[in-house]
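J.: Sending over model_24.txt (compact mmCIF, C-alpha atoms).
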```
# COMPACT_ATOMS: atom_id res chain seq x y z
CA MET A 642 0.00 0.00 0.00
CA VAL A 643 2.78 2.44 0.91
CA ARG A 644 4.70 1.65 -2.26
CA GLY A 645 1.58 1.81 -4.41
CA ASN A 646 0.81 5.30 -3.13
CA ARG A 647 4.44 6.42 -3.44
CA ALA A 648 4.42 7.31 0.23
CA PHE A 649 6.74 6.86 3.17
CA LEU A 650 6.12 5.05 6.44
CA ILE A 651 7.78 6.32 9.63
CA GLU A 652 8.53 3.38 11.94
CA ASP A 653 9.24 4.65 15.45
CA ASP A 654 10.64 1.56 17.16
CA TRP A 655 10.95 3.10 20.64
CA ALA A 656 10.07 -0.19 22.39
CA HIS A 657 12.52 -2.42 20.49
CA ASP A 658 14.57 -3.16 23.62
CA PHE A 659 11.46 -4.03 25.63
CA ALA A 660 10.54 -7.27 23.85
CA ILE A 661 9.43 -9.71 26.55
CA THR A 662 8.29 -12.94 24.91
CA THR A 663 8.93 -12.09 21.28
CA ALA A 664 11.77 -11.19 18.95
CA SER A 665 11.10 -7.77 17.47
CA SER A 666 11.40 -7.62 13.68
CA PRO A 667 11.20 -4.09 12.26
CA LEU A 668 9.19 -3.45 9.11
CA ALA A 669 12.26 -1.68 7.77
CA ALA A 670 14.00 -5.06 7.53
CA GLN A 671 11.46 -6.08 4.87
CA ASP A 672 11.62 -2.83 2.92
CA ASP A 673 13.60 -3.10 -0.29
CA GLY A 674 12.14 -0.05 -2.01
CA GLY A 675 13.14 2.75 0.32
CA HIS A 676 9.65 3.47 1.63
CA VAL A 677 10.23 2.89 5.36
CA VAL A 678 12.12 5.38 7.51
CA TYR A 679 13.20 3.66 10.73
CA LEU A 680 13.73 5.51 14.01
CA ARG A 681 15.39 4.11 17.12
CA SER A 682 16.47 5.84 20.32
CA LEU A 683 18.05 5.04 23.67
CA THR A 684 15.96 7.50 25.66
CA LYS A 685 13.70 4.89 27.29
CA SER A 686 15.97 1.85 27.34
CA VAL A 687 19.08 3.57 28.72
CA SER A 688 18.28 6.96 30.23
CA PRO A 689 15.98 9.93 29.60
CA ALA A 690 19.16 12.02 29.49
CA ILE A 691 20.44 10.17 26.40
CA ARG A 692 18.54 12.22 23.83
CA VAL A 693 20.16 10.51 20.86
CA ALA A 694 18.37 8.66 18.07
CA ALA A 695 19.30 6.81 14.92
CA VAL A 696 17.57 7.11 11.55
CA ILE A 697 17.78 4.31 8.98
CA ALA A 698 16.51 4.71 5.44
CA ARG A 699 17.19 3.42 1.93
CA GLY A 700 17.02 4.82 -1.56
CA PRO A 701 16.27 8.44 -2.50
CA VAL A 702 14.77 9.29 0.89
CA ARG A 703 18.09 8.37 2.53
CA HIS A 704 19.95 10.91 0.43
CA ARG A 705 17.39 13.60 1.22
CA LEU A 706 17.60 12.86 4.95
CA MET A 707 21.39 12.76 4.92
CA ALA A 708 21.58 16.21 3.39
CA GLU A 709 19.32 17.55 6.13
CA LEU A 710 20.89 15.64 9.01
CA GLN A 711 24.42 16.65 8.12
CA ALA A 712 23.42 20.25 8.73
CA GLN A 713 21.68 19.38 12.01
CA SER A 714 24.12 16.86 13.50
CA MET A 715 26.61 19.54 14.43
CA TYR A 716 24.10 20.75 17.00
CA VAL A 717 23.68 17.37 18.73
CA SER A 718 25.78 17.13 21.88
CA GLY A 719 29.03 15.34 21.16
CA VAL A 720 29.11 14.12 24.76
CA LEU A 721 25.72 12.45 24.35
CA GLN A 722 26.76 10.87 21.07
CA ALA A 723 29.92 9.50 22.70
CA ALA A 724 27.89 8.18 25.65
CA ALA A 725 25.45 6.44 23.32
CA LEU A 726 28.27 4.84 21.33
CA ASP A 727 29.95 3.67 24.53
CA VAL A 728 26.73 2.05 25.79
CA LEU A 729 26.04 0.18 22.55
CA THR A 730 29.58 -1.17 22.16
CA GLN A 731 29.97 -2.46 25.72
CA PRO A 732 29.58 -6.25 26.29
CA GLY A 733 27.22 -5.44 29.16
CA TRP A 734 24.62 -3.94 26.82
CA GLU A 735 23.14 -7.33 25.89
CA THR A 736 23.25 -8.42 29.54
CA HIS A 737 21.34 -5.27 30.43
CA ARG A 738 18.71 -5.94 27.76
CA ARG A 739 18.17 -9.51 28.98
CA ALA A 740 17.80 -8.30 32.57
CA VAL A 741 15.29 -5.65 31.50
CA ARG A 742 13.21 -8.26 29.68
CA ARG A 743 13.12 -10.52 32.74
CA GLN A 744 12.06 -7.64 34.96
CA LEU A 745 9.38 -6.46 32.53
CA ARG A 746 7.95 -9.95 32.17
CA ALA A 747 7.70 -10.38 35.95
CA ARG A 748 6.09 -6.95 36.40
CA ARG A 749 3.70 -7.40 33.49
CA ASP A 750 2.49 -10.69 34.90
CA LEU A 751 2.18 -9.32 38.44
CA LEU A 752 0.05 -6.41 37.25
CA ALA A 753 -2.15 -8.62 35.07
CA ASP A 754 -2.71 -11.04 37.96
CA ALA A 755 -3.56 -8.18 40.32
CA ILE A 756 -6.11 -6.72 37.89
CA ARG A 757 -7.76 -10.10 37.32
CA ALA A 758 -7.94 -10.80 41.04
CA HIS A 759 -9.17 -7.43 42.29
CA VAL A 760 -10.95 -5.79 39.35
CA PRO A 761 -13.06 -8.63 37.90
CA GLU A 762 -15.17 -6.16 35.90
CA ALA A 763 -12.10 -5.32 33.81
CA THR A 764 -11.01 -7.33 30.78
CA ILE A 765 -7.47 -7.96 29.62
CA THR A 766 -7.93 -9.15 26.05
CA SER A 767 -4.26 -9.86 25.41
CA ILE A 768 -0.98 -9.96 27.28
CA PRO A 769 1.54 -7.80 25.39
CA PRO A 770 4.65 -9.65 24.19
CA GLY A 771 6.65 -6.46 24.64
CA GLY A 772 6.49 -2.83 25.62
CA LEU A 773 5.73 -1.14 28.92
CA ASN A 774 1.93 -0.95 29.11
CA LEU A 775 -1.04 -3.18 29.83
CA TRP A 776 -4.30 -2.32 28.10
CA VAL A 777 -7.34 -2.94 30.27
CA ARG A 778 -10.89 -2.65 28.98
CA MET A 779 -13.43 -1.38 31.48
CA PRO A 780 -17.21 -1.85 31.35
CA ASP A 781 -18.90 0.11 28.57
CA ASP A 782 -20.74 2.39 31.00
CA THR A 783 -17.52 3.49 32.74
CA ASP A 784 -16.77 7.20 32.81
CA ILE A 785 -13.04 6.94 32.17
CA ASP A 786 -12.24 10.58 32.88
CA ARG A 787 -13.97 10.41 36.24
CA LEU A 788 -12.34 7.07 37.00
CA VAL A 789 -8.92 8.59 36.39
CA GLN A 790 -9.76 11.50 38.70
CA ASP A 791 -11.21 9.29 41.43
CA ALA A 792 -8.17 7.04 41.30
CA GLU A 793 -5.86 10.04 41.57
CA THR A 794 -7.62 11.25 44.73
CA ARG A 795 -6.78 7.85 46.22
CA GLY A 796 -3.12 8.22 45.28
CA LEU A 797 -3.22 6.07 42.13
CA ALA A 798 -2.04 7.60 38.84
CA ILE A 799 -3.56 5.93 35.78
CA ALA A 800 -4.08 7.02 32.17
CA GLY A 801 -7.24 6.83 30.11
CA GLY A 802 -6.70 4.93 26.89
CA GLY A 803 -8.87 6.99 24.56
CA GLU A 804 -6.21 9.51 23.60
CA TRP A 805 -3.91 6.74 22.37
CA PHE A 806 -6.23 5.64 19.57
CA PRO A 807 -5.56 7.22 16.14
CA GLY A 808 -9.33 7.29 15.55
CA GLU A 809 -12.41 6.70 17.67
CA ALA A 810 -11.67 4.46 20.64
CA THR A 811 -13.18 0.98 20.34
CA GLY A 812 -14.07 0.81 24.02
CA ARG A 813 -13.43 2.16 27.51
CA TYR A 814 -9.76 1.49 28.08
CA LEU A 815 -7.09 2.21 30.65
CA ARG A 816 -3.42 2.22 29.74
CA LEU A 817 -1.51 0.92 32.76
CA ASN A 818 2.26 1.11 32.95
CA PHE A 819 4.10 -1.85 34.51
CA ALA A 820 7.62 -0.41 34.38
CA GLY A 821 7.40 1.42 37.70
CA PRO A 822 9.95 0.99 40.48
CA ASP A 823 7.66 -0.75 43.00
CA PRO A 824 5.94 -3.88 41.63
CA ALA A 825 5.07 -4.88 45.20
CA ALA A 826 2.48 -2.09 45.11
CA TYR A 827 0.53 -3.52 42.17
CA GLU A 828 -1.92 -5.40 44.35
CA ARG A 829 -2.71 -2.29 46.38
CA ALA A 830 -3.01 -0.30 43.14
CA ALA A 831 -5.53 -2.81 41.80
CA ASN A 832 -7.56 -2.48 45.00
CA LEU A 833 -7.55 1.31 44.68
CA LEU A 834 -8.72 1.00 41.08
CA ALA A 835 -11.51 -1.34 42.17
CA ASP A 836 -12.59 1.18 44.84
CA ALA A 837 -12.65 4.02 42.31
CA LEU A 838 -14.70 1.91 39.90
CA ALA A 839 -17.12 0.89 42.65
CA GLU A 840 -17.68 4.55 43.51
CA GLN A 841 -19.12 5.10 40.05
CA GLY A 842 -21.73 2.44 40.71
CA SER A 843 -22.70 4.02 44.02
CA ARG A 844 -23.49 7.45 42.53
```
Could I get this structure in the form of structure tokens?
T.:
Amino acid sequence: MVRGNRAFLIEDDWAHDFAITTASSPLAAQDDGGHVVYLRSLTKSVSPAIRVAAVIARGPVRHRLMAELQAQSMYVSGVLQAAALDVLTQPGWETHRRAVRRQLRARRDLLADAIRAHVPEATITSIPPGGLNLWVRMPDDTDIDRLVQDAETRGLAIAGGGEWFPGEATGRYLRLNFAGPDPAAYERAANLLADALAEQGSR
């Protein structure tokens, strides 16, 4: 479709290093016509301070990007570029990635179990094979904005899922992050979510 319309596809592979039970295969690896522009950064997998990204492209679009990037690259911090190169060439980088995957898998499963046990009205339609977020569908009559506010008053920060859909949302969703520093709190968080949901039914 992209090739037929002589268009370009931007593939932002920010979660590449967060594969949990899958091996990530970028669309760019299948592109032989120069229609996919691939982006990859270390901002989430290494540190928010490493504001360095890589761009991979083929064909005419590569030459156009190179001309533009050569003018811009002189403004990217040389220290950050050196730090990024050092991280990626160290033997410990792969060890770090494996450790991150183990931690994410454990936290993902803990959060999913807590939601199933304490918020039975919610539905988890699929367990993500990678990434940082669990998508939870709430009952169709749920006021998501109010649920988010009620949860926040209880000390629980959650995000409504509607804004993450490119079009109209297909249901009432929450987008729950399982990469936080305290997975032991997931059970309490699920109880707080259940309390906030129950409050809607009592009004």
J.: Excluding region 718-728 of chain A and its own-chain neighbours fewer than 3 positions away, which residues fall within 10 Å of it when counting all atoms listed in the file? Please give them as a list in words.
T.: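 Residues meeting the cut-off are Ser682, Leu683, Thr684, Val687, Ser688, Ala690, Ile691, Arg692, Val693, Ala694, Ser714, Met715, Gln731, Pro732, Gly733 and Trp734 of chain A.
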J.: Can you work out the spacing between CA of Pro824 (chain A) and CA of Trp805 (chain A) in Å, to one decimal?
T.: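 About the pair CA of Pro824 (chain A) and CA of Trp805 (chain A): they are 24.1 Å apart.
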J.: So how far away is CA of Arg749 (chain A) from CA of Gly771 (chain A), in Å?
T.: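 CA of Arg749 (chain A) lies 9.4 Å from CA of Gly771 (chain A).
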J.: Which residues of region 705-807 of chain A have any atom within 12 Å of an atom in region 643-657 of chain A when counting all atoms listed in the file, and what is the closest pair of atoms for each, with the distance in Å to one decimal? Order the rows by chain and rising number and write it as JSON lines.
T.:
```
{"residue": "A:Arg738", "atom": "CA", "partner": "A:His657", "partner_atom": "CA", "distance": 10.2}
{"residue": "A:Val741", "atom": "CA", "partner": "A:His657", "partner_atom": "CA", "distance": 11.8}
{"residue": "A:Arg742", "atom": "CA", "partner": "A:His657", "partner_atom": "CA", "distance": 10.9}
{"residue": "A:Leu745", "atom": "CA", "partner": "A:Ala656", "partner_atom": "CA", "distance": 11.9}
{"residue": "A:Pro769", "atom": "CA", "partner": "A:Ala656", "partner_atom": "CA", "distance": 11.8}
{"residue": "A:Pro770", "atom": "CA", "partner": "A:Ala656", "partner_atom": "CA", "distance": 11.1}
{"residue": "A:Gly771", "atom": "CA", "partner": "A:Ala656", "partner_atom": "CA", "distance": 7.5}
{"residue": "A:Gly772", "atom": "CA", "partner": "A:Ala656", "partner_atom": "CA", "distance": 5.5}
{"residue": "A:Leu773", "atom": "CA", "partner": "A:Ala656", "partner_atom": "CA", "distance": 7.9}
{"residue": "A:Asn774", "atom": "CA", "partner": "A:Ala656", "partner_atom": "CA", "distance": 10.6}
```
J.: Using Å and a single decimal, report how far CA of Gln841 (chain A) sits from CA of Asp786 (chain A).
T.: 11.3 Å
J.: Find the residues near Ala792 (chain A): any atom within 9 Å, counting all atoms listed in the file, skip ones fewer than 4 places away on the same chain, and give them as a list in words.
T.: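 My list of contacting residues is Arg787, Leu788, Gly796, Leu797, Ala798, Ile799, Leu833, Leu834, Asp836, Ala837 and Leu838 of chain A.
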J.: Give the answer as one residue: which of A:Ala825, A:Val777, A:Leu680, A:Leu752 has the shortest atom-to-atom distance to Gly812 (chain A), using all atoms listed in the file?
T.: A:Val777
J.: Would you list the contacts of Pro701 (chain A) as a VMD selection string, taking every protein, DNA or RNA residue within 8 Å and counting all atoms listed in the file, but skipping same-chain residues closer than 3 positions in sequence?
T.: chain A and resid 675 704 to 705
J.: Between A:Val696, A:Leu751, A:Met707, A:Thr663, which residue has the minimum interatomic distance to Tyr679 (chain A), considering all atoms listed in the file?
T.: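 Nearest to Tyr679 (chain A): A:Val696.
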J.: Quick test: take region 791-827 of chain A, keep N, CA and C atoms, and write it as an mmCIF file, in the first residue's frame.
T.:
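Below you can see out.cif, which holds the result:
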```
data_model
loop_
_atom_site.group_PDB
_atom_site.id
_atom_site.type_symbol
_atom_site.label_atom_id
_atom_site.label_comp_id
_atom_site.auth_asym_id
_atom_site.auth_seq_id
_atom_site.Cartn_x
_atom_site.Cartn_y
_atom_site.Cartn_z
ATOM 1 N N ASP A 791 -10.938 9.949 40.149
ATOM 2 C CA ASP A 791 -11.213 9.292 41.429
ATOM 3 C C ASP A 791 -10.031 8.456 41.888
ATOM 4 N N ALA A 792 -9.355 7.822 40.940
ATOM 5 C CA ALA A 792 -8.168 7.044 41.299
ATOM 6 C C ALA A 792 -7.064 7.963 41.799
ATOM 7 N N GLU A 793 -6.916 9.114 41.167
ATOM 8 C CA GLU A 793 -5.864 10.045 41.568
ATOM 9 C C GLU A 793 -6.089 10.560 42.988
ATOM 10 N N THR A 794 -7.351 10.793 43.364
ATOM 11 C CA THR A 794 -7.624 11.254 44.729
ATOM 12 C C THR A 794 -7.249 10.193 45.761
ATOM 13 N N ARG A 795 -7.182 8.945 45.324
ATOM 14 C CA ARG A 795 -6.784 7.851 46.217
ATOM 15 C C ARG A 795 -5.273 7.600 46.174
ATOM 16 N N GLY A 796 -4.564 8.377 45.370
ATOM 17 C CA GLY A 796 -3.117 8.216 45.283
ATOM 18 C C GLY A 796 -2.657 7.300 44.171
ATOM 19 N N LEU A 797 -3.562 6.976 43.234
ATOM 20 C CA LEU A 797 -3.224 6.074 42.131
ATOM 21 C C LEU A 797 -3.250 6.853 40.818
ATOM 22 N N ALA A 798 -2.122 6.907 40.127
ATOM 23 C CA ALA A 798 -2.039 7.600 38.843
ATOM 24 C C ALA A 798 -2.225 6.601 37.708
ATOM 25 N N ILE A 799 -3.292 6.787 36.931
ATOM 26 C CA ILE A 799 -3.560 5.931 35.776
ATOM 27 C C ILE A 799 -3.862 6.825 34.585
ATOM 28 N N ALA A 800 -3.837 6.242 33.397
ATOM 29 C CA ALA A 800 -4.084 7.015 32.173
ATOM 30 C C ALA A 800 -5.261 6.418 31.416
ATOM 31 N N GLY A 801 -6.166 7.283 30.990
ATOM 32 C CA GLY A 801 -7.236 6.829 30.114
ATOM 33 C C GLY A 801 -6.667 6.446 28.760
ATOM 34 N N GLY A 802 -7.261 5.432 28.139
ATOM 35 C CA GLY A 802 -6.697 4.931 26.890
ATOM 36 C C GLY A 802 -7.176 5.633 25.638
ATOM 37 N N GLY A 803 -8.259 6.417 25.746
ATOM 38 C CA GLY A 803 -8.866 6.988 24.557
ATOM 39 C C GLY A 803 -7.937 7.820 23.707
ATOM 40 N N GLU A 804 -7.069 8.605 24.353
ATOM 41 C CA GLU A 804 -6.207 9.507 23.601
ATOM 42 C C GLU A 804 -5.120 8.787 22.815
ATOM 43 N N TRP A 805 -4.951 7.491 23.059
ATOM 44 C CA TRP A 805 -3.905 6.742 22.369
ATOM 45 C C TRP A 805 -4.403 6.078 21.091
ATOM 46 N N PHE A 806 -5.685 6.199 20.807
ATOM 47 C CA PHE A 806 -6.226 5.644 19.566
ATOM 48 C C PHE A 806 -6.095 6.672 18.445
ATOM 49 N N PRO A 807 -5.666 6.259 17.249
ATOM 50 C CA PRO A 807 -5.556 7.218 16.143
ATOM 51 C C PRO A 807 -6.918 7.697 15.658
ATOM 52 N N GLY A 808 -7.967 6.918 15.907
ATOM 53 C CA GLY A 808 -9.332 7.290 15.552
ATOM 54 C C GLY A 808 -10.216 7.178 16.776
ATOM 55 N N GLU A 809 -11.481 6.875 16.552
ATOM 56 C CA GLU A 809 -12.410 6.704 17.668
ATOM 57 C C GLU A 809 -12.044 5.462 18.472
ATOM 58 N N ALA A 810 -12.002 5.607 19.786
ATOM 59 C CA ALA A 810 -11.669 4.462 20.643
ATOM 60 C C ALA A 810 -12.716 3.375 20.502
ATOM 61 N N THR A 811 -12.272 2.122 20.525
ATOM 62 C CA THR A 811 -13.181 0.984 20.344
ATOM 63 C C THR A 811 -13.836 0.545 21.647
ATOM 64 N N GLY A 812 -13.490 1.173 22.738
ATOM 65 C CA GLY A 812 -14.074 0.811 24.024
ATOM 66 C C GLY A 812 -13.523 1.707 25.114
ATOM 67 N N ARG A 813 -13.897 1.403 26.351
ATOM 68 C CA ARG A 813 -13.435 2.163 27.506
ATOM 69 C C ARG A 813 -12.159 1.507 28.039
ATOM 70 N N TYR A 814 -11.031 2.107 27.735
ATOM 71 C CA TYR A 814 -9.757 1.492 28.084
ATOM 72 C C TYR A 814 -8.950 2.323 29.069
ATOM 73 N N LEU A 815 -8.140 1.608 29.858
ATOM 74 C CA LEU A 815 -7.085 2.212 30.653
ATOM 75 C C LEU A 815 -5.752 1.719 30.109
ATOM 76 N N ARG A 816 -4.784 2.569 30.161
ATOM 77 C CA ARG A 816 -3.424 2.216 29.742
ATOM 78 C C ARG A 816 -2.557 2.238 30.994
ATOM 79 N N LEU A 817 -2.221 1.053 31.491
ATOM 80 C CA LEU A 817 -1.513 0.924 32.762
ATOM 81 C C LEU A 817 -0.053 0.574 32.519
ATOM 82 N N ASN A 818 0.830 1.324 33.127
ATOM 83 C CA ASN A 818 2.261 1.112 32.949
ATOM 84 C C ASN A 818 2.784 0.128 33.996
ATOM 85 N N PHE A 819 3.558 -0.871 33.560
ATOM 86 C CA PHE A 819 4.098 -1.846 34.512
ATOM 87 C C PHE A 819 5.621 -1.736 34.648
ATOM 88 N N ALA A 820 6.172 -0.582 34.283
ATOM 89 C CA ALA A 820 7.624 -0.407 34.383
ATOM 90 C C ALA A 820 8.028 0.405 35.600
ATOM 91 N N GLY A 821 7.111 0.623 36.512
ATOM 92 C CA GLY A 821 7.401 1.421 37.699
ATOM 93 C C GLY A 821 8.386 0.749 38.642
ATOM 94 N N PRO A 822 8.887 1.498 39.612
ATOM 95 C CA PRO A 822 9.950 0.986 40.483
ATOM 96 C C PRO A 822 9.470 0.098 41.626
ATOM 97 N N ASP A 823 8.145 -0.028 41.819
ATOM 98 C CA ASP A 823 7.657 -0.749 42.999
ATOM 99 C C ASP A 823 6.573 -1.763 42.624
ATOM 100 N N PRO A 824 6.947 -2.881 42.015
ATOM 101 C CA PRO A 824 5.938 -3.877 41.631
ATOM 102 C C PRO A 824 5.197 -4.474 42.816
ATOM 103 N N ALA A 825 5.756 -4.371 44.014
ATOM 104 C CA ALA A 825 5.066 -4.885 45.199
ATOM 105 C C ALA A 825 3.788 -4.102 45.480
ATOM 106 N N ALA A 826 3.661 -2.922 44.878
ATOM 107 C CA ALA A 826 2.479 -2.088 45.114
ATOM 108 C C ALA A 826 1.351 -2.371 44.127
ATOM 109 N N TYR A 827 1.551 -3.282 43.194
ATOM 110 C CA TYR A 827 0.534 -3.520 42.168
ATOM 111 C C TYR A 827 -0.782 -4.022 42.760
#
```
